[in-house]
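Undergrad: Below is entry-v3.txt; it holds compact mmCIF, C-alpha atoms (C1' of nucleotides).
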```
# COMPACT_ATOMS: atom_id res chain seq x y z
CA MET A 1 132.51 91.01 100.90
CA SER A 2 129.91 91.88 98.39
CA LYS A 3 127.38 89.20 97.75
CA LEU A 4 125.41 92.26 96.77
CA ASP A 5 124.43 92.72 93.14
CA PRO A 6 123.02 95.92 91.64
CA THR A 7 119.48 94.94 92.57
CA HIS A 8 120.43 94.46 96.20
CA LEU A 9 122.21 97.80 96.25
CA GLY A 10 119.27 99.47 94.56
CA ILE A 11 116.92 98.14 97.19
CA LEU A 12 119.17 99.39 99.99
CA ARG A 13 119.43 102.81 98.40
CA LEU A 14 115.71 103.16 97.81
CA LEU A 15 114.68 101.89 101.23
CA GLN A 16 117.07 104.33 102.84
CA GLU A 17 115.31 107.12 101.00
CA ASP A 18 111.87 105.85 101.92
CA ALA A 19 111.47 102.82 104.11
CA ARG A 20 107.76 102.62 103.42
CA MET A 21 108.11 102.36 99.67
CA THR A 22 106.02 99.44 98.47
CA HIS A 23 107.54 96.38 96.86
CA LYS A 24 105.63 97.20 93.74
CA GLU A 25 107.26 100.60 93.50
CA LEU A 26 110.69 99.13 94.24
CA ALA A 27 110.06 96.63 91.45
CA ARG A 28 109.05 99.36 89.04
CA ARG A 29 112.15 101.43 89.71
CA LEU A 30 114.53 98.49 89.57
CA ARG A 31 112.84 97.00 86.50
CA LYS A 32 112.02 93.69 88.07
CA SER A 33 108.78 92.04 88.99
CA VAL A 34 107.48 92.05 92.53
CA SER A 35 108.47 88.56 93.63
CA PRO A 36 112.25 88.81 93.28
CA ILE A 37 112.11 92.17 95.08
CA PHE A 38 110.07 90.65 97.83
CA GLU A 39 112.48 87.78 98.31
CA ARG A 40 115.54 89.99 98.21
CA VAL A 41 114.18 92.41 100.79
CA LYS A 42 113.55 89.49 103.10
CA TRP A 43 117.03 88.18 102.42
CA LEU A 44 118.60 91.57 103.18
CA GLU A 45 116.67 91.73 106.44
CA GLN A 46 117.49 88.20 107.54
CA ASN A 47 121.18 88.49 106.68
CA GLY A 48 121.66 91.70 108.62
CA TYR A 49 122.16 94.14 105.78
CA ILE A 50 119.01 95.93 106.87
CA LYS A 51 119.08 96.37 110.63
CA GLY A 52 115.64 97.91 110.87
CA TYR A 53 113.32 100.63 109.71
CA THR A 54 112.70 103.85 111.54
CA ALA A 55 110.64 106.99 111.30
CA LEU A 56 112.62 110.21 111.49
CA VAL A 57 110.85 112.36 114.03
CA ASP A 58 111.34 116.10 114.39
CA LEU A 59 112.59 116.14 117.96
CA GLN A 60 112.30 119.90 118.41
CA LYS A 61 108.65 119.88 117.39
CA SER A 62 107.79 116.79 119.39
CA SER A 63 109.56 117.30 122.70
CA ASN A 64 111.84 119.53 124.74
CA SER A 65 114.70 117.08 124.77
CA ILE A 66 118.26 118.26 124.45
CA ILE A 67 121.04 116.64 122.48
CA SER A 68 124.68 116.54 123.41
CA PHE A 69 127.74 115.14 121.71
CA THR A 70 129.69 114.06 124.71
CA HIS A 71 133.35 113.20 124.29
CA ILE A 72 135.11 110.81 126.60
CA GLN A 73 138.76 110.38 127.32
CA MET A 74 139.64 107.27 129.28
CA ASN A 75 142.47 107.15 131.78
CA ASP A 76 143.12 103.48 131.10
CA HIS A 77 143.46 102.36 127.52
CA SER A 78 143.74 98.64 128.11
CA GLU A 79 141.46 96.45 126.05
CA GLU A 80 139.68 95.36 129.22
CA ALA A 81 138.94 98.91 130.34
CA LEU A 82 137.70 100.00 126.92
CA SER A 83 135.48 96.94 126.49
CA ALA A 84 134.05 97.25 129.96
CA PHE A 85 133.20 100.90 129.36
CA GLN A 86 131.53 100.24 126.03
CA LYS A 87 129.49 97.38 127.35
CA GLU A 88 128.10 99.54 130.14
CA VAL A 89 127.66 102.85 128.43
CA VAL A 90 125.58 101.60 125.51
CA GLN A 91 123.01 100.32 127.96
CA PHE A 92 122.17 103.76 129.27
CA ASP A 93 118.93 104.93 127.77
CA ASP A 94 120.16 108.47 127.16
CA VAL A 95 123.04 107.14 125.05
CA ARG A 96 121.60 106.88 121.55
CA GLU A 97 124.87 106.46 119.68
CA CYS A 98 128.36 105.48 120.70
CA TYR A 99 131.48 105.57 118.53
CA TYR A 100 135.02 104.52 119.27
CA ILE A 101 137.25 107.05 117.57
CA THR A 102 140.75 108.19 116.75
CA GLY A 103 142.26 111.37 118.16
CA ASN A 104 142.30 113.18 121.46
CA PHE A 105 139.26 111.36 122.73
CA ASP A 106 138.32 107.70 122.86
CA PHE A 107 134.56 107.81 122.49
CA ILE A 108 131.91 110.13 121.10
CA LEU A 109 128.46 109.64 122.56
CA LYS A 110 125.28 111.15 121.23
CA ILE A 111 123.13 111.80 124.28
CA VAL A 112 119.45 112.70 124.25
CA SER A 113 118.05 113.79 127.61
CA PRO A 114 114.62 115.17 128.48
CA ASP A 115 116.08 118.46 129.71
CA MET A 116 119.19 119.98 131.22
CA LYS A 117 118.51 118.47 134.61
CA GLY A 118 118.17 115.06 132.99
CA TYR A 119 121.48 115.54 131.24
CA ASN A 120 123.13 116.59 134.45
CA ASP A 121 121.71 113.52 136.19
CA PHE A 122 123.07 111.36 133.39
CA LEU A 123 126.55 112.85 133.61
CA ARG A 124 126.86 112.76 137.38
CA GLY A 125 124.66 109.82 138.21
CA GLN A 126 125.52 107.42 135.44
CA LEU A 127 128.44 108.31 133.19
CA SER A 128 130.90 109.45 135.83
CA LYS A 129 130.19 106.34 137.89
CA LEU A 130 131.73 104.10 135.23
CA PRO A 131 135.34 103.03 135.90
CA ASN A 132 138.28 104.71 134.17
CA VAL A 133 136.36 107.66 132.76
CA GLY A 134 138.93 110.42 132.52
CA SER A 135 137.85 113.73 131.05
CA VAL A 136 134.39 114.40 129.70
CA GLN A 137 133.61 117.22 127.31
CA SER A 138 130.06 118.14 126.34
CA PHE A 139 129.03 119.81 123.11
CA LEU A 140 125.39 120.71 123.40
CA VAL A 141 123.43 120.91 120.19
CA LEU A 142 121.93 124.34 119.63
CA SER A 143 120.41 123.47 116.29
CA GLU A 144 120.31 120.53 113.95
CA GLU A 145 121.10 121.83 110.48
CA LYS A 146 121.05 118.54 108.62
CA ARG A 147 120.35 114.95 109.54
CA ASP A 148 120.28 112.42 106.76
CA THR A 149 120.69 108.94 108.15
CA SER A 150 121.10 107.27 104.78
CA TYR A 151 124.48 106.12 103.56
CA LYS A 152 125.78 106.18 100.00
CA ILE A 153 126.42 102.58 99.04
CA MET B 1 103.90 123.30 121.80
CA SER B 2 102.23 119.98 122.15
CA LYS B 3 99.21 119.48 120.01
CA LEU B 4 100.26 115.89 120.49
CA ASP B 5 98.01 113.60 122.50
CA PRO B 6 98.98 110.14 123.78
CA THR B 7 97.88 108.52 120.54
CA HIS B 8 100.10 110.81 118.49
CA LEU B 9 103.02 110.11 120.78
CA GLY B 10 102.35 106.39 120.65
CA ILE B 11 102.41 106.44 116.88
CA LEU B 12 105.71 108.33 116.86
CA ARG B 13 107.22 105.91 119.33
CA LEU B 14 106.08 102.80 117.48
CA LEU B 15 107.07 104.06 114.03
CA GLN B 16 110.50 104.92 115.35
CA GLU B 17 110.85 101.32 116.49
CA ASP B 18 109.59 99.93 113.21
CA ALA B 19 108.69 102.23 110.38
CA ARG B 20 107.09 99.42 108.40
CA MET B 21 104.61 98.49 111.09
CA THR B 22 101.15 98.28 109.52
CA HIS B 23 98.37 100.64 110.47
CA LYS B 24 96.43 97.64 111.68
CA GLU B 25 99.18 96.71 114.10
CA LEU B 26 99.53 100.32 115.26
CA ALA B 27 95.79 100.35 115.88
CA ARG B 28 95.91 97.12 117.84
CA ARG B 29 98.70 98.35 120.10
CA LEU B 30 97.17 101.76 120.66
CA ARG B 31 93.70 100.31 121.17
CA LYS B 32 92.08 102.26 118.38
CA SER B 33 90.58 101.26 115.07
CA VAL B 34 92.48 101.61 111.83
CA SER B 35 90.98 104.80 110.46
CA PRO B 36 91.95 107.24 113.22
CA ILE B 37 95.45 105.79 113.12
CA PHE B 38 95.56 106.22 109.39
CA GLU B 39 94.46 109.83 109.60
CA ARG B 40 96.86 110.66 112.41
CA VAL B 41 99.84 109.18 110.63
CA LYS B 42 99.04 111.30 107.61
CA TRP B 43 98.62 114.33 109.82
CA LEU B 44 101.97 113.72 111.52
CA GLU B 45 103.62 113.41 108.12
CA GLN B 46 102.01 116.48 106.62
CA ASN B 47 102.69 118.65 109.64
CA GLY B 48 106.35 117.78 109.77
CA TYR B 49 106.45 115.70 112.92
CA ILE B 50 107.56 112.75 110.82
CA LYS B 51 110.28 113.88 108.45
CA GLY B 52 110.61 110.56 106.66
CA TYR B 53 111.18 106.86 106.96
CA THR B 54 114.49 105.18 106.47
CA ALA B 55 116.02 101.73 106.45
CA LEU B 56 119.00 101.30 108.73
CA VAL B 57 121.69 99.69 106.65
CA ASP B 58 124.75 97.99 108.06
CA LEU B 59 127.40 100.19 106.49
CA GLN B 60 130.33 97.92 107.34
CA LYS B 61 128.67 94.93 105.69
CA SER B 62 127.51 96.88 102.68
CA SER B 63 130.46 99.10 101.79
CA ASN B 64 133.98 100.23 102.72
CA SER B 65 132.97 103.75 103.60
CA ILE B 66 134.56 105.58 106.48
CA ILE B 67 132.87 107.85 108.98
CA SER B 68 134.32 110.93 110.59
CA PHE B 69 133.03 113.35 113.16
CA THR B 70 134.62 116.52 111.93
CA HIS B 71 134.67 119.57 114.18
CA ILE B 72 134.80 123.06 112.83
CA GLN B 73 135.86 126.26 114.47
CA MET B 74 135.04 129.41 112.55
CA ASN B 75 137.22 132.47 112.54
CA ASP B 76 134.27 134.79 112.07
CA HIS B 77 131.28 134.39 114.37
CA SER B 78 128.99 136.91 112.76
CA GLU B 79 125.51 135.75 111.94
CA GLU B 80 126.26 136.20 108.25
CA ALA B 81 129.37 134.05 108.32
CA LEU B 82 127.70 131.26 110.29
CA SER B 83 124.62 131.23 108.07
CA ALA B 84 126.66 131.25 104.90
CA PHE B 85 128.76 128.35 106.12
CA GLN B 86 125.72 126.26 107.12
CA LYS B 87 123.96 126.86 103.88
CA GLU B 88 126.94 125.64 101.89
CA VAL B 89 128.18 122.78 104.01
CA VAL B 90 124.90 120.91 104.24
CA GLN B 91 124.84 120.64 100.47
CA PHE B 92 127.97 118.53 100.31
CA ASP B 93 127.07 114.95 99.71
CA ASP B 94 129.59 113.59 102.21
CA VAL B 95 128.04 115.71 104.98
CA ARG B 96 125.31 113.49 106.39
CA GLU B 97 124.65 115.45 109.57
CA CYS B 98 125.46 118.97 110.71
CA TYR B 99 124.96 120.41 114.18
CA TYR B 100 125.57 123.89 115.52
CA ILE B 101 126.93 123.46 119.02
CA THR B 102 128.16 125.11 122.19
CA GLY B 103 131.74 124.91 123.32
CA ASN B 104 135.17 125.14 121.74
CA PHE B 105 133.84 124.38 118.31
CA ASP B 106 131.00 125.82 116.28
CA PHE B 107 129.87 122.84 114.22
CA ILE B 108 130.03 119.08 114.36
CA LEU B 109 129.71 117.34 111.01
CA LYS B 110 129.17 113.66 110.49
CA ILE B 111 131.00 112.81 107.29
CA VAL B 112 130.68 109.58 105.33
CA SER B 113 133.23 109.16 102.54
CA PRO B 114 133.89 106.16 100.29
CA ASP B 115 137.46 105.81 101.55
CA MET B 116 140.33 107.80 103.04
CA LYS B 117 141.18 109.39 99.74
CA GLY B 118 137.57 110.51 99.39
CA TYR B 119 137.68 112.03 102.84
CA ASN B 120 140.90 113.82 102.05
CA ASP B 121 139.38 115.16 98.85
CA PHE B 122 136.39 116.38 100.82
CA LEU B 123 138.51 118.18 103.40
CA ARG B 124 140.88 119.85 100.98
CA GLY B 125 138.68 120.21 97.95
CA GLN B 126 135.39 121.19 99.51
CA LEU B 127 135.38 122.00 103.22
CA SER B 128 138.50 124.13 103.36
CA LYS B 129 137.34 126.14 100.37
CA LEU B 130 134.43 127.57 102.34
CA PRO B 131 134.95 131.08 103.75
CA ASN B 132 135.86 131.66 107.38
CA VAL B 133 136.63 128.06 108.25
CA GLY B 134 139.18 128.26 111.04
CA SER B 135 140.42 125.06 112.56
CA VAL B 136 139.18 121.62 111.58
CA GLN B 137 139.56 118.57 113.77
CA SER B 138 138.72 115.07 112.54
CA PHE B 139 137.66 112.17 114.71
CA LEU B 140 137.58 109.08 112.57
CA VAL B 141 135.21 106.36 113.62
CA LEU B 142 137.00 103.09 114.33
CA SER B 143 133.87 101.24 115.35
CA GLU B 144 130.21 101.99 115.80
CA GLU B 145 129.20 100.55 119.15
CA LYS B 146 125.61 101.71 119.19
CA ARG B 147 123.38 103.57 116.80
CA ASP B 148 119.75 103.96 117.72
CA THR B 149 118.19 106.76 115.73
CA SER B 150 114.95 106.79 117.70
CA TYR B 151 114.25 109.49 120.25
CA LYS B 152 112.39 109.09 123.51
CA ILE B 153 109.39 111.33 123.27
C1' DT C 1 122.45 66.28 76.49
C1' DT C 2 120.72 65.77 81.06
C1' DA C 3 120.10 66.92 85.73
C1' DC C 4 120.13 70.33 89.05
C1' DA C 5 120.04 74.94 91.06
C1' DT C 6 118.96 79.78 90.68
C1' DT C 7 116.35 83.61 89.29
C1' DC C 8 112.49 85.30 87.70
C1' DA C 9 107.48 86.54 85.94
C1' DG C 10 102.83 85.85 86.59
C1' DC C 11 98.97 84.44 89.11
C1' DA C 12 95.84 84.23 93.10
C1' DA C 13 94.60 84.31 97.95
C1' DA C 14 95.29 86.79 102.12
C1' DT C 15 96.08 91.04 104.05
C1' DT C 16 96.47 95.89 104.20
C1' DT C 17 95.53 100.54 102.68
C1' DT C 18 92.42 104.03 101.80
C1' DT C 19 87.99 106.15 101.35
C1' DC C 20 83.44 106.83 102.87
C1' DT C 21 79.48 106.95 106.00
C1' DG C 22 77.43 107.56 110.08
C1' DT C 23 78.02 107.50 115.17
C1' DT C 24 80.16 108.98 119.43
C1' DT C 25 82.78 112.06 122.05
C1' DT C 26 84.46 116.52 123.35
C1' DG C 27 84.40 121.27 124.59
C1' DG C 28 82.46 126.00 124.52
C1' DG C 29 78.58 129.00 125.25
C1' DC C 30 74.37 129.67 127.24
C1' DG D 1 72.77 120.94 132.99
C1' DC D 2 71.69 121.45 128.00
C1' DC D 3 72.64 122.31 123.25
C1' DC D 4 75.32 122.71 119.27
C1' DA D 5 79.33 122.37 116.35
C1' DA D 6 83.61 120.35 115.58
C1' DA D 7 86.54 116.72 116.13
C1' DA D 8 87.52 111.92 116.72
C1' DC D 9 86.08 107.55 116.09
C1' DA D 10 84.41 102.62 114.43
C1' DG D 11 82.96 99.87 110.87
C1' DA D 12 82.42 98.55 106.11
C1' DA D 13 83.81 98.21 101.44
C1' DA D 14 86.70 99.13 97.39
C1' DA D 15 91.38 99.54 95.87
C1' DA D 16 95.96 98.23 96.33
C1' DT D 17 99.62 95.56 98.20
C1' DT D 18 101.73 91.56 100.30
C1' DT D 19 102.86 86.91 100.24
C1' DG D 20 103.14 82.19 98.75
C1' DC D 21 103.09 79.24 94.87
C1' DT D 22 103.87 77.42 90.13
C1' DG D 23 106.25 76.95 86.21
C1' DA D 24 109.44 79.01 82.61
C1' DA D 25 114.01 80.64 81.47
C1' DT D 26 118.87 80.67 82.36
C1' DG D 27 123.13 79.02 83.66
C1' DT D 28 126.22 75.25 85.42
C1' DA D 29 128.25 70.81 86.24
C1' DA D 30 128.42 66.20 85.16
```
Output the file's structure in the form of structure tokens.

TA:
Amino acid sequence: MSKLDPTHLGILRLLQEDARMTHKELARRLRKSVSPIFERVKWLEQNGYIKGYTALVDLQKSSNSIISFTHIQMNDHSEEALSAFQKEVVQFDDVRECYYITGNFDFILKIVSPDMKGYNDFLRGQLSKLPNVGSVQSFLVLSEEKRDTSYKI
Amino acid sequence: MSKLDPTHLGILRLLQEDARMTHKELARRLRKSVSPIFERVKWLEQNGYIKGYTALVDLQKSSNSIISFTHIQMNDHSEEALSAFQKEVVQFDDVRECYYITGNFDFILKIVSPDMKGYNDFLRGQLSKLPNVGSVQSFLVLSEEKRDTSYKI
DNA sequence: TTACATTCAGCAAATTTTTCTGTTTTGGGC
DNA sequence: GCCCAAAACAGAAAAATTTGCTGAATGTAA
């Protein structure tokens, strides 16, 4: 697995904390010069360890969108049915995240819709149209208490 | 609400797509010169619209960590009990995200632990020690099918 | 030892960031 | 419609960073 040495891991950790940190600052903290840092960052990007960089926007301040964690139970658990569902559902714009999970449900979706009508349209116009969707349970987010997208690695 | 004009929104959209996009490129795409872009980005940061920048790391390639969506039902729904729980739970390192929600449960936590033992330790050593935690239901992530942290705004 | 590959530091050119200055635009009051 | 003040803007220039290159140091295999 790990072709990743401590410098690689350090870069990943630091760029998770602040994706706009300069190479010079990365170099200073990891006690290397700029060029190896530069090359390693490019390597991490090109080899898929870093999938992208994103700004974390305060959704509540910036829009009226609503968030729901929507849980799906399928009524057909064949590989074909699950794959077909995944393939379709991730293409919906309102679906920001999709996880296949253990337990009572099969999938957890994180849905962001412009408002309650938009969410309703998504549920009835898009989600429920997909084949083999059994029960759907919505947990609407009332407040986001913590959201740290970095991983400990 | 919205002190945000189309340029502000454009910046937020573009930086969500790529947090390392240069100010010059932002300016080109938004048909402005560099300086107003520069000032607006700083304004968005200082006024809390942008909460940070982060690199999206491929967790499966970079570590063996496991992810769980852990649902909490409290046995005391007083404001004091809920607030106390929130305040404590968000401080745990394994708790990456915490949402207060509608429905059968009160909170959804996104937990990232180094391995199953770490998750077990978290549940029994940390989470269950908090006051007024009623039932806990874990949904372990088997595969991440989509994860787009940007919001449509 | 020699040849080769890898990693790195240091340098320099190209590019970007950041500050500053002065102009243009916008909106409120008259 | 005109005027003024505040805000937003473009352009230029200095400071800082990015990016590519060169050669030294290190390790490895023959």

Undergrad: Starting from chain D, keep only residues with some atom at most 10 Å from an atom of chain A, counting only C-alpha atoms (C1' of nucleotides), and report them as a list in words.

TA: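 Output check: DT17, DT18, DT19 and DG20 of chain D.
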
Undergrad: Quick one: everything within 12 Å of DT2 of chain C, counting all atoms listed in the file, minus sequence neighbours fewer than 2 positions away in the same chain. Send it as a PyMOL selection string.

TA: (chain C and resi 4) or (chain D and resi 28-30)

Undergrad: What is the distance, in Å and to one decimal place, between atom CA of Met74 of chain A and atom CA of Ser113 of chain A?

TA: 22.6 Å

Undergrad: Under the rule that all atoms listed in the file are counted, which of B:Arg20, B:Lys3, B:Lys110, B:Arg31 is the nearest residue to chain C?

TA: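 Between B:Arg20, B:Lys3, B:Lys110, B:Arg31, the residue approaching chain C most closely is B:Arg20.
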
Undergrad: What are the nearest atom pairs, with distances in Å to one decimal, for all residues of chain C that come at most 10 Å from chain A, using all atoms listed in the file, set out by chain and rising residue number as CSV?

TA:
```
residue,atom,partner,partner_atom,distance
C:DT7,C1',A:Pro36,CA,7.7
C:DC8,C1',A:Pro36,CA,6.6
C:DA9,C1',A:Ser33,CA,6.4
C:DG10,C1',A:Ser33,CA,8.9
```

Undergrad: Please provide the set of residues having any atom within 7 Å of segment 128-140 of chain B, restricted to only C-alpha atoms (C1' of nucleotides), with same-chain residues fewer than 4 positions apart removed, written as a list of chain:residue names.

TA: A:Ile101, A:Thr102, A:Gly103, B:Ile67, B:Ser68, B:Phe69, B:Thr70, B:His71, B:Ile72, B:Gln73, B:Met74, B:Asn75, B:Asp76, B:Ala81, B:Phe85, B:Leu123, B:Arg124

Undergrad: Residues of chain B near chain A: apply a cut-off of 8 Å, count only C-alpha atoms, and supply the list as a ChimeraX atom specification.

TA: /B:1-2,4,12,15-20,48-59,61-63,86,90,96-103,112,138-153

Undergrad: Here's a check: after a least-squares fit over all in-order C-alpha atoms, write chain B in the frame of chain A, as a CSV table (one decimal) with C-alpha atoms, in the frame of the given file.

TA:
```
chain,number,residue,atom,x,y,z
B,1,MET,CA,132.8,91.3,101.0
B,2,SER,CA,130.1,92.1,98.5
B,3,LYS,CA,127.6,89.4,97.9
B,4,LEU,CA,125.6,92.5,96.9
B,5,ASP,CA,124.6,92.9,93.3
B,6,PRO,CA,123.1,96.1,91.7
B,7,THR,CA,119.6,95.0,92.7
B,8,HIS,CA,120.5,94.6,96.3
B,9,LEU,CA,122.2,97.9,96.3
B,10,GLY,CA,119.3,99.5,94.6
B,11,ILE,CA,116.9,98.2,97.3
B,12,LEU,CA,119.2,99.5,100.1
B,13,ARG,CA,119.4,102.9,98.4
B,14,LEU,CA,115.6,103.2,97.9
B,15,LEU,CA,114.6,101.9,101.3
B,16,GLN,CA,117.0,104.4,102.9
B,17,GLU,CA,115.2,107.2,101.0
B,18,ASP,CA,111.8,105.8,102.0
B,19,ALA,CA,111.4,102.8,104.2
B,20,ARG,CA,107.7,102.6,103.5
B,21,MET,CA,108.1,102.3,99.8
B,22,THR,CA,106.0,99.3,98.6
B,23,HIS,CA,107.6,96.3,97.0
B,24,LYS,CA,105.7,97.0,93.9
B,25,GLU,CA,107.2,100.4,93.6
B,26,LEU,CA,110.7,99.0,94.4
B,27,ALA,CA,110.1,96.5,91.6
B,28,ARG,CA,109.0,99.2,89.1
B,29,ARG,CA,112.1,101.3,89.8
B,30,LEU,CA,114.5,98.4,89.7
B,31,ARG,CA,112.9,96.9,86.6
B,32,LYS,CA,112.1,93.6,88.2
B,33,SER,CA,108.9,91.9,89.2
B,34,VAL,CA,107.6,91.9,92.7
B,35,SER,CA,108.7,88.5,93.9
B,36,PRO,CA,112.5,88.8,93.5
B,37,ILE,CA,112.3,92.1,95.2
B,38,PHE,CA,110.3,90.6,98.0
B,39,GLU,CA,112.7,87.8,98.5
B,40,ARG,CA,115.7,90.1,98.4
B,41,VAL,CA,114.3,92.4,100.9
B,42,LYS,CA,113.8,89.5,103.3
B,43,TRP,CA,117.3,88.3,102.6
B,44,LEU,CA,118.8,91.7,103.3
B,45,GLU,CA,116.8,91.8,106.6
B,46,GLN,CA,117.7,88.3,107.7
B,47,ASN,CA,121.4,88.7,106.9
B,48,GLY,CA,121.8,91.9,108.8
B,49,TYR,CA,122.3,94.3,105.9
B,50,ILE,CA,119.1,96.1,107.0
B,51,LYS,CA,119.1,96.5,110.7
B,52,GLY,CA,115.7,98.0,111.0
B,53,TYR,CA,113.3,100.7,109.8
B,54,THR,CA,112.7,103.9,111.6
B,55,ALA,CA,110.5,107.0,111.3
B,56,LEU,CA,112.4,110.3,111.5
B,57,VAL,CA,110.7,112.4,114.0
B,58,ASP,CA,111.1,116.1,114.4
B,59,LEU,CA,112.4,116.2,117.9
B,60,GLN,CA,112.1,120.0,118.3
B,61,LYS,CA,108.4,119.9,117.3
B,62,SER,CA,107.7,116.8,119.4
B,63,SER,CA,109.5,117.4,122.7
B,64,ASN,CA,111.8,119.6,124.7
B,65,SER,CA,114.7,117.2,124.7
B,66,ILE,CA,118.3,118.3,124.4
B,67,ILE,CA,121.0,116.7,122.4
B,68,SER,CA,124.7,116.6,123.4
B,69,PHE,CA,127.7,115.2,121.7
B,70,THR,CA,129.7,114.0,124.7
B,71,HIS,CA,133.4,113.1,124.3
B,72,ILE,CA,135.1,110.7,126.5
B,73,GLN,CA,138.7,110.2,127.2
B,74,MET,CA,139.6,107.1,129.2
B,75,ASN,CA,142.4,106.9,131.7
B,76,ASP,CA,143.0,103.3,131.0
B,77,HIS,CA,143.4,102.1,127.4
B,78,SER,CA,143.6,98.4,128.0
B,79,GLU,CA,141.3,96.3,125.9
B,80,GLU,CA,139.5,95.2,129.1
B,81,ALA,CA,138.8,98.7,130.2
B,82,LEU,CA,137.6,99.9,126.8
B,83,SER,CA,135.4,96.8,126.3
B,84,ALA,CA,133.9,97.1,129.8
B,85,PHE,CA,133.1,100.8,129.2
B,86,GLN,CA,131.4,100.2,125.9
B,87,LYS,CA,129.4,97.3,127.2
B,88,GLU,CA,128.0,99.5,130.0
B,89,VAL,CA,127.6,102.8,128.3
B,90,VAL,CA,125.5,101.6,125.4
B,91,GLN,CA,122.9,100.3,127.8
B,92,PHE,CA,122.1,103.8,129.2
B,93,ASP,CA,118.9,105.0,127.7
B,94,ASP,CA,120.1,108.5,127.1
B,95,VAL,CA,123.0,107.2,125.0
B,96,ARG,CA,121.5,107.0,121.5
B,97,GLU,CA,124.8,106.5,119.6
B,98,CYS,CA,128.3,105.5,120.6
B,99,TYR,CA,131.4,105.6,118.4
B,100,TYR,CA,134.9,104.5,119.2
B,101,ILE,CA,137.2,107.0,117.5
B,102,THR,CA,140.7,108.1,116.7
B,103,GLY,CA,142.2,111.2,118.1
B,104,ASN,CA,142.3,113.0,121.4
B,105,PHE,CA,139.3,111.2,122.7
B,106,ASP,CA,138.3,107.6,122.8
B,107,PHE,CA,134.5,107.7,122.4
B,108,ILE,CA,131.9,110.1,121.0
B,109,LEU,CA,128.4,109.6,122.5
B,110,LYS,CA,125.3,111.2,121.2
B,111,ILE,CA,123.1,111.8,124.2
B,112,VAL,CA,119.4,112.8,124.2
B,113,SER,CA,118.0,113.9,127.6
B,114,PRO,CA,114.6,115.3,128.4
B,115,ASP,CA,116.1,118.5,129.7
B,116,MET,CA,119.2,120.0,131.2
B,117,LYS,CA,118.5,118.5,134.6
B,118,GLY,CA,118.2,115.1,132.9
B,119,TYR,CA,121.5,115.5,131.2
B,120,ASN,CA,123.2,116.6,134.4
B,121,ASP,CA,121.7,113.5,136.1
B,122,PHE,CA,123.1,111.4,133.3
B,123,LEU,CA,126.6,112.8,133.6
B,124,ARG,CA,126.9,112.7,137.3
B,125,GLY,CA,124.7,109.8,138.2
B,126,GLN,CA,125.5,107.4,135.4
B,127,LEU,CA,128.4,108.2,133.1
B,128,SER,CA,130.9,109.3,135.8
B,129,LYS,CA,130.2,106.2,137.8
B,130,LEU,CA,131.7,104.0,135.1
B,131,PRO,CA,135.3,102.9,135.8
B,132,ASN,CA,138.2,104.5,134.1
B,133,VAL,CA,136.3,107.5,132.6
B,134,GLY,CA,138.9,110.2,132.4
B,135,SER,CA,137.9,113.6,131.0
B,136,VAL,CA,134.4,114.3,129.6
B,137,GLN,CA,133.7,117.1,127.3
B,138,SER,CA,130.1,118.1,126.3
B,139,PHE,CA,129.1,119.8,123.1
B,140,LEU,CA,125.5,120.7,123.4
B,141,VAL,CA,123.5,121.0,120.2
B,142,LEU,CA,122.0,124.4,119.6
B,143,SER,CA,120.5,123.6,116.3
B,144,GLU,CA,120.4,120.6,114.0
B,145,GLU,CA,121.2,122.0,110.5
B,146,LYS,CA,121.1,118.7,108.6
B,147,ARG,CA,120.3,115.1,109.5
B,148,ASP,CA,120.2,112.6,106.8
B,149,THR,CA,120.6,109.1,108.1
B,150,SER,CA,121.0,107.4,104.8
B,151,TYR,CA,124.4,106.3,103.6
B,152,LYS,CA,125.7,106.3,100.0
B,153,ILE,CA,126.4,102.8,99.1
```

Undergrad: What gap, in Å, lies between atom C1' of DG29 of chain C and atom CA of Pro6 of chain B?

TA: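 Between atom C1' of DG29 of chain C and atom CA of Pro6 of chain B the gap works out to 27.8 Å.
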